[in-house]
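**Q** The structure's right below; bear with me while I get my questions together.
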Amino acid sequence: MIGSKWENFLKNLGEWQGSFTKISPNGELLGSTPSIISLEGAENNQLVKFRVRRFGPGGYDETPTQDYSQEYRHLGKQAIFFDTGAFSKGSLQLAPFAEFGAEFGFINEDRRLRCVQLYDRQGDLSNITLIREFRSGTSVQERPPLTLDKLLGKWQGIACTAYPDLSSSESYSTCLDVQKIDDNYIQQTLSFGTKTITSKAKIEGHKLIFNEGINSREILFLPDGASSNAPLKYQLREPFLVEVGWLLNETERQRLIRSYDASGAWVTSTHVIEHKVG
């Protein structure tokens with residue numbers, strides 16, 4: 001079970017300094033924009049004032065190149081907030097010749113990490129935006145970039161799956177086992193509930209390529225311990241999912257997954273907290 005969506009949203013309150021980094025589908029870093037985002041509670045936290053400022057190459061000492069504000073009294077149906085403050089939001093329905101996107105956000109004490117995956121009107125992954133944020137006035141550090149070696153091993157976790165209609169969420173145990181077959185391939189075994197899924201991926205630099213099934217899927221290793229797991233192209237009338245992960249430390253990782261059915265409708269959002277056990 002997860003608590004009130006609004007109460008979970010409030011766990012993101014504060015001022016967050018960071019950057020928006022645009023990344024190509026093959027993982028190339030294309031440039032970063034400094035940012036300050038503030039989420040301020042008002043009226044006994046019944047209202048949240050949101051403000052985002054983006055800056056040029058001179059950083060925070062310059063006049064913002066963008067300054068946008070918005071107020072929230074409720075949250076849209078497209079977003080799910082979990083008990084940690086982590087969230088997933090995005091398109092409610094996949095449609096032909098329409099852009100599609102999803103945003104994922106994690107929070108851990110004085111750190112936030114968000115990632116946006118965008119698809120163009122032809123269904124191709126067009127770009128990824130990684131947003132690394134630090135609570136203003138703190139001295140927390142960025143995590144090192146994710147590498148395959150940090151993912152290898154067995155991870156046991158607890159998953160919470162929530163639904164768009166806000167019906168009761170479900171919690172269940174998970175086990176993810178990632179092992180090298182040789183220098184070119186890994187095998188991944190994921191168990192959850194009564195299901196077990198085994199897949200093989202090719203190791204290609206800073207990414208894993210899964211070519212089994214209809215969709216070719218990539219896991220990109222990104223800065224700050226992040227990973228993006230998404231099909232390079234989605235297929236209409238086929239179910240699919242998009243996922244982002246964040247390695248908080250050597251033995252704890254969180255993942256957010258957003259799933260769509262064969263009709264293109266968003267059906268679930270899942271938050272996984274897992275720990276390395278071997």
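Residue numbering restarts at 1 for every chain of the structure tokens, chains are lettered A, B, ... in their displayed order, and ligands are numbered from 1 as they appear.
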Which polymer residues have any atom within 8 Å of an atom of segment 41-51 of chain A, counting only C-alpha atoms, with same-chain residues fewer than 3 positions away left out, as a PyMOL selection string?

**A** chain A and resi 10+13+37-38+67-73

**Q** May I have the selected residues written with C-alpha atoms, as a JSON list (two decimals), in the first residue's frame?

**A**
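The new file part13.json reads:
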[["chain", "number", "residue", "atom", "x", "y", "z"],
["A", 10, "LEU", "CA", 5.11, 16.95, -0.46],
["A", 13, "LEU", "CA", 9.42, 20.23, -1.10],
["A", 37, "ILE", "CA", 13.83, 24.26, -8.93],
["A", 38, "SER", "CA", 11.80, 25.25, -5.88],
["A", 67, "ASP", "CA", 11.88, 31.51, -15.32],
["A", 68, "TYR", "CA", 8.61, 29.61, -15.09],
["A", 69, "SER", "CA", 6.15, 29.34, -12.18],
["A", 70, "GLN", "CA", 3.06, 27.25, -11.52],
["A", 71, "GLU", "CA", 0.80, 26.47, -8.57],
["A", 72, "TYR", "CA", -0.61, 23.08, -7.65],
["A", 73, "ARG", "CA", -3.64, 22.24, -5.53]]

**Q** Thr129 of chain A: which residues within 12 Å, counting only C-alpha atoms, same-chain residues fewer than 5 positions away excluded, as an MDAnalysis selection string?

**A** chainID A and resid 19:25 27:33 101:105 113:119 222:223 226:228 244

**Q** Report as a ChimeraX atom specification all protein, DNA and RNA residues lying within 9 Å of segment 78-81 of chain A, evaluated on only C-alpha atoms, omitting residues in the same chain fewer than 3 positions from it.

**A** /A:2-9,75,84-92,162-164,166,266,269

**Q** Could you dump the residues just selected with C-alpha atoms as an mmCIF file, in the first residue's frame?

**A**
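So the final result, stored in again.cif, reads:
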data_model
loop_
_atom_site.group_PDB
_atom_site.id
_atom_site.type_symbol
_atom_site.label_atom_id
_atom_site.label_comp_id
_atom_site.auth_asym_id
_atom_site.auth_seq_id
_atom_site.Cartn_x
_atom_site.Cartn_y
_atom_site.Cartn_z
ATOM 1 C CA ILE A 2 1.107 3.541 -0.636
ATOM 2 C CA GLY A 3 -0.024 6.644 1.149
ATOM 3 C CA SER A 4 -1.798 9.723 -0.147
ATOM 4 C CA LYS A 5 -0.459 10.882 -3.504
ATOM 5 C CA TRP A 6 -0.414 14.496 -2.274
ATOM 6 C CA GLU A 7 1.443 13.624 0.956
ATOM 7 C CA ASN A 8 4.040 11.713 -1.058
ATOM 8 C CA PHE A 9 4.372 14.673 -3.434
ATOM 9 C CA LEU A 75 -2.080 16.353 -9.130
ATOM 10 C CA THR A 84 9.596 7.707 -0.598
ATOM 11 C CA GLY A 85 8.537 10.694 -2.732
ATOM 12 C CA ALA A 86 9.649 8.896 -5.903
ATOM 13 C CA PHE A 87 7.287 9.382 -8.833
ATOM 14 C CA SER A 88 6.434 8.398 -12.367
ATOM 15 C CA LYS A 89 4.386 10.489 -14.774
ATOM 16 C CA GLY A 90 3.842 10.596 -18.499
ATOM 17 C CA SER A 91 1.477 9.929 -21.377
ATOM 18 C CA LEU A 92 -1.810 8.277 -20.449
ATOM 19 C CA ALA A 162 0.174 1.316 -8.379
ATOM 20 C CA TYR A 163 -2.656 1.791 -10.865
ATOM 21 C CA PRO A 164 -4.026 4.831 -12.739
ATOM 22 C CA LEU A 166 -5.814 4.620 -7.678
ATOM 23 C CA TRP A 266 -0.856 3.198 -19.331
ATOM 24 C CA SER A 269 3.626 2.236 -12.326
#

**Q** Identify, on the basis of only C-alpha atoms, every residue whose closest approach to Gly59 of chain A does not exceed 10 Å; exclude the query and any residue fewer than 3 positions from it along the same chain; express the result as a PDB file with all heavy atoms, in the first residue's frame.

**A**
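File produced: result29.pdb:
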ATOM      1  N   SER A  19      21.069  20.430 -12.711  1.00  0.00           N
ATOM      2  CA  SER A  19      21.295  20.645 -14.137  1.00  0.00           C
ATOM      3  C   SER A  19      20.430  19.694 -14.945  1.00  0.00           C
ATOM      4  O   SER A  19      20.097  18.591 -14.507  1.00  0.00           O
ATOM      5  CB  SER A  19      22.772  20.426 -14.493  1.00  0.00           C
ATOM      6  OG  SER A  19      23.157  19.092 -14.204  1.00  0.00           O
ATOM      7  N   THR A  33      22.398  22.273 -18.815  1.00  0.00           N
ATOM      8  CA  THR A  33      21.886  23.591 -18.481  1.00  0.00           C
ATOM      9  C   THR A  33      21.714  23.675 -16.967  1.00  0.00           C
ATOM     10  O   THR A  33      20.945  22.883 -16.393  1.00  0.00           O
ATOM     11  CB  THR A  33      20.526  23.839 -19.160  1.00  0.00           C
ATOM     12  OG1 THR A  33      20.677  23.744 -20.575  1.00  0.00           O
ATOM     13  CG2 THR A  33      19.977  25.206 -18.787  1.00  0.00           C
ATOM     14  N   PRO A  34      22.404  24.599 -16.268  1.00  0.00           N
ATOM     15  CA  PRO A  34      22.207  24.743 -14.823  1.00  0.00           C
ATOM     16  C   PRO A  34      20.763  25.137 -14.497  1.00  0.00           C
ATOM     17  O   PRO A  34      20.106  25.836 -15.275  1.00  0.00           O
ATOM     18  CB  PRO A  34      23.184  25.861 -14.438  1.00  0.00           C
ATOM     19  CG  PRO A  34      24.178  25.922 -15.554  1.00  0.00           C
ATOM     20  CD  PRO A  34      23.431  25.526 -16.791  1.00  0.00           C
ATOM     21  N   SER A  35      20.276  24.687 -13.340  1.00  0.00           N
ATOM     22  CA  SER A  35      18.884  24.948 -13.002  1.00  0.00           C
ATOM     23  C   SER A  35      18.717  25.089 -11.486  1.00  0.00           C
ATOM     24  O   SER A  35      19.521  24.587 -10.706  1.00  0.00           O
ATOM     25  CB  SER A  35      17.988  23.807 -13.502  1.00  0.00           C
ATOM     26  OG  SER A  35      18.368  22.591 -12.878  1.00  0.00           O
ATOM     27  N   ARG A  54      16.231  28.296 -15.336  1.00  0.00           N
ATOM     28  CA  ARG A  54      17.358  27.725 -16.069  1.00  0.00           C
ATOM     29  C   ARG A  54      18.326  28.852 -16.409  1.00  0.00           C
ATOM     30  O   ARG A  54      17.909  29.996 -16.639  1.00  0.00           O
ATOM     31  CB  ARG A  54      16.884  27.032 -17.341  1.00  0.00           C
ATOM     32  CG  ARG A  54      15.896  25.906 -17.072  1.00  0.00           C
ATOM     33  CD  ARG A  54      15.775  25.029 -18.293  1.00  0.00           C
ATOM     34  NE  ARG A  54      14.599  24.182 -18.240  1.00  0.00           N
ATOM     35  CZ  ARG A  54      14.461  23.060 -18.912  1.00  0.00           C
ATOM     36  NH1 ARG A  54      15.433  22.635 -19.697  1.00  0.00           N
ATOM     37  NH2 ARG A  54      13.353  22.348 -18.830  1.00  0.00           N
ATOM     38  N   PHE A  55      19.608  28.502 -16.435  1.00  0.00           N
ATOM     39  CA  PHE A  55      20.656  29.513 -16.575  1.00  0.00           C
ATOM     40  C   PHE A  55      21.562  29.182 -17.763  1.00  0.00           C
ATOM     41  O   PHE A  55      21.610  28.040 -18.240  1.00  0.00           O
ATOM     42  CB  PHE A  55      21.492  29.583 -15.287  1.00  0.00           C
ATOM     43  CG  PHE A  55      20.700  29.976 -14.068  1.00  0.00           C
ATOM     44  CD1 PHE A  55      19.969  29.028 -13.361  1.00  0.00           C
ATOM     45  CD2 PHE A  55      20.670  31.286 -13.639  1.00  0.00           C
ATOM     46  CE1 PHE A  55      19.227  29.375 -12.238  1.00  0.00           C
ATOM     47  CE2 PHE A  55      19.932  31.651 -12.514  1.00  0.00           C
ATOM     48  CZ  PHE A  55      19.209  30.691 -11.811  1.00  0.00           C
ATOM     49  N   GLY A  56      22.290  30.202 -18.199  1.00  0.00           N
ATOM     50  CA  GLY A  56      23.232  30.037 -19.291  1.00  0.00           C
ATOM     51  C   GLY A  56      24.569  29.505 -18.798  1.00  0.00           C
ATOM     52  O   GLY A  56      24.705  29.054 -17.659  1.00  0.00           O
ATOM     53  N   GLU A  62      24.160  34.466 -13.177  1.00  0.00           N
ATOM     54  CA  GLU A  62      23.562  35.211 -14.287  1.00  0.00           C
ATOM     55  C   GLU A  62      22.043  35.317 -14.120  1.00  0.00           C
ATOM     56  O   GLU A  62      21.433  34.608 -13.320  1.00  0.00           O
ATOM     57  CB  GLU A  62      23.864  34.510 -15.615  1.00  0.00           C
ATOM     58  CG  GLU A  62      25.320  34.563 -16.043  1.00  0.00           C
ATOM     59  CD  GLU A  62      25.503  34.028 -17.450  1.00  0.00           C
ATOM     60  OE1 GLU A  62      24.548  33.408 -17.981  1.00  0.00           O
ATOM     61  OE2 GLU A  62      26.579  34.231 -18.020  1.00  0.00           O
ATOM     62  N   THR A  63      21.444  36.201 -14.896  1.00  0.00           N
ATOM     63  CA  THR A  63      19.989  36.261 -14.975  1.00  0.00           C
ATOM     64  C   THR A  63      19.487  34.989 -15.647  1.00  0.00           C
ATOM     65  O   THR A  63      20.065  34.547 -16.647  1.00  0.00           O
ATOM     66  CB  THR A  63      19.547  37.485 -15.797  1.00  0.00           C
ATOM     67  OG1 THR A  63      20.048  38.667 -15.167  1.00  0.00           O
ATOM     68  CG2 THR A  63      18.031  37.568 -15.889  1.00  0.00           C
ATOM     69  N   PRO A  64      18.447  34.359 -15.122  1.00  0.00           N
ATOM     70  CA  PRO A  64      17.964  33.120 -15.740  1.00  0.00           C
ATOM     71  C   PRO A  64      17.563  33.330 -17.197  1.00  0.00           C
ATOM     72  O   PRO A  64      17.019  34.374 -17.564  1.00  0.00           O
ATOM     73  CB  PRO A  64      16.741  32.754 -14.890  1.00  0.00           C
ATOM     74  CG  PRO A  64      16.926  33.470 -13.598  1.00  0.00           C
ATOM     75  CD  PRO A  64      17.668  34.726 -13.930  1.00  0.00           C
TER      76      PRO A  64
END

**Q** Just the helix (DSSP H, G or I) stuff from segment 34-240 of chain A, please, per backbone DSSP, written as a list of chain:residue names.

**A**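 Secondary structure check on segment 34-240 of chain A, helix (DSSP H, G or I): A:Gly59, A:Tyr60, A:Asp61, A:Leu148, A:Asp149, A:Lys150, A:Leu151, A:Pro223, A:Asp224, A:Gly225.
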
**Q** What would the file look like if the residues just selected were written as a PDB file, in the first residue's frame with N, CA, C and O atoms?

**A**
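This is the output file again.pdb:
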ATOM      1  N   GLY A  59      26.150  30.166 -15.297  1.00  0.00           N
ATOM      2  CA  GLY A  59      25.650  29.556 -14.078  1.00  0.00           C
ATOM      3  C   GLY A  59      24.705  30.439 -13.292  1.00  0.00           C
ATOM      4  O   GLY A  59      24.083  31.367 -13.813  1.00  0.00           O
ATOM      5  N   TYR A  60      24.633  30.169 -11.978  1.00  0.00           N
ATOM      6  CA  TYR A  60      23.616  30.768 -11.123  1.00  0.00           C
ATOM      7  C   TYR A  60      23.809  32.268 -10.901  1.00  0.00           C
ATOM      8  O   TYR A  60      22.899  32.948 -10.418  1.00  0.00           O
ATOM      9  N   ASP A  61      24.981  32.813 -11.214  1.00  0.00           N
ATOM     10  CA  ASP A  61      25.216  34.237 -11.001  1.00  0.00           C
ATOM     11  C   ASP A  61      24.592  35.092 -12.100  1.00  0.00           C
ATOM     12  O   ASP A  61      24.514  36.314 -11.974  1.00  0.00           O
ATOM     13  N   LEU A 148      28.770  -1.504 -15.604  1.00  0.00           N
ATOM     14  CA  LEU A 148      28.245  -2.862 -15.548  1.00  0.00           C
ATOM     15  C   LEU A 148      28.690  -3.583 -14.284  1.00  0.00           C
ATOM     16  O   LEU A 148      27.909  -4.294 -13.649  1.00  0.00           O
ATOM     17  N   ASP A 149      29.953  -3.409 -13.898  1.00  0.00           N
ATOM     18  CA  ASP A 149      30.465  -4.111 -12.718  1.00  0.00           C
ATOM     19  C   ASP A 149      29.631  -3.824 -11.476  1.00  0.00           C
ATOM     20  O   ASP A 149      29.482  -4.684 -10.601  1.00  0.00           O
ATOM     21  N   LYS A 150      29.074  -2.602 -11.389  1.00  0.00           N
ATOM     22  CA  LYS A 150      28.277  -2.243 -10.217  1.00  0.00           C
ATOM     23  C   LYS A 150      26.901  -2.906 -10.224  1.00  0.00           C
ATOM     24  O   LYS A 150      26.256  -3.008  -9.169  1.00  0.00           O
ATOM     25  N   LEU A 151      26.464  -3.369 -11.401  1.00  0.00           N
ATOM     26  CA  LEU A 151      25.159  -4.021 -11.499  1.00  0.00           C
ATOM     27  C   LEU A 151      25.235  -5.532 -11.352  1.00  0.00           C
ATOM     28  O   LEU A 151      24.240  -6.177 -11.010  1.00  0.00           O
ATOM     29  N   PRO A 223      25.524   9.121 -15.983  1.00  0.00           N
ATOM     30  CA  PRO A 223      26.162   9.748 -14.819  1.00  0.00           C
ATOM     31  C   PRO A 223      25.303   9.607 -13.563  1.00  0.00           C
ATOM     32  O   PRO A 223      24.106   9.350 -13.615  1.00  0.00           O
ATOM     33  N   ASP A 224      25.939   9.786 -12.398  1.00  0.00           N
ATOM     34  CA  ASP A 224      25.261   9.843 -11.108  1.00  0.00           C
ATOM     35  C   ASP A 224      24.593   8.515 -10.750  1.00  0.00           C
ATOM     36  O   ASP A 224      23.587   8.495 -10.032  1.00  0.00           O
ATOM     37  N   GLY A 225      25.123   7.392 -11.261  1.00  0.00           N
ATOM     38  CA  GLY A 225      24.562   6.095 -10.919  1.00  0.00           C
ATOM     39  C   GLY A 225      23.234   5.785 -11.578  1.00  0.00           C
ATOM     40  O   GLY A 225      22.555   4.840 -11.189  1.00  0.00           O
TER      41      GLY A 225
END

**Q** For the atom pair atom CA of Ala265 of chain A and atom CA of Gln122 of chain A, what is the interatomic distance in Å to one decimal place?

**A**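 Between atom CA of Ala265 of chain A and atom CA of Gln122 of chain A the gap is 17.6 Å.
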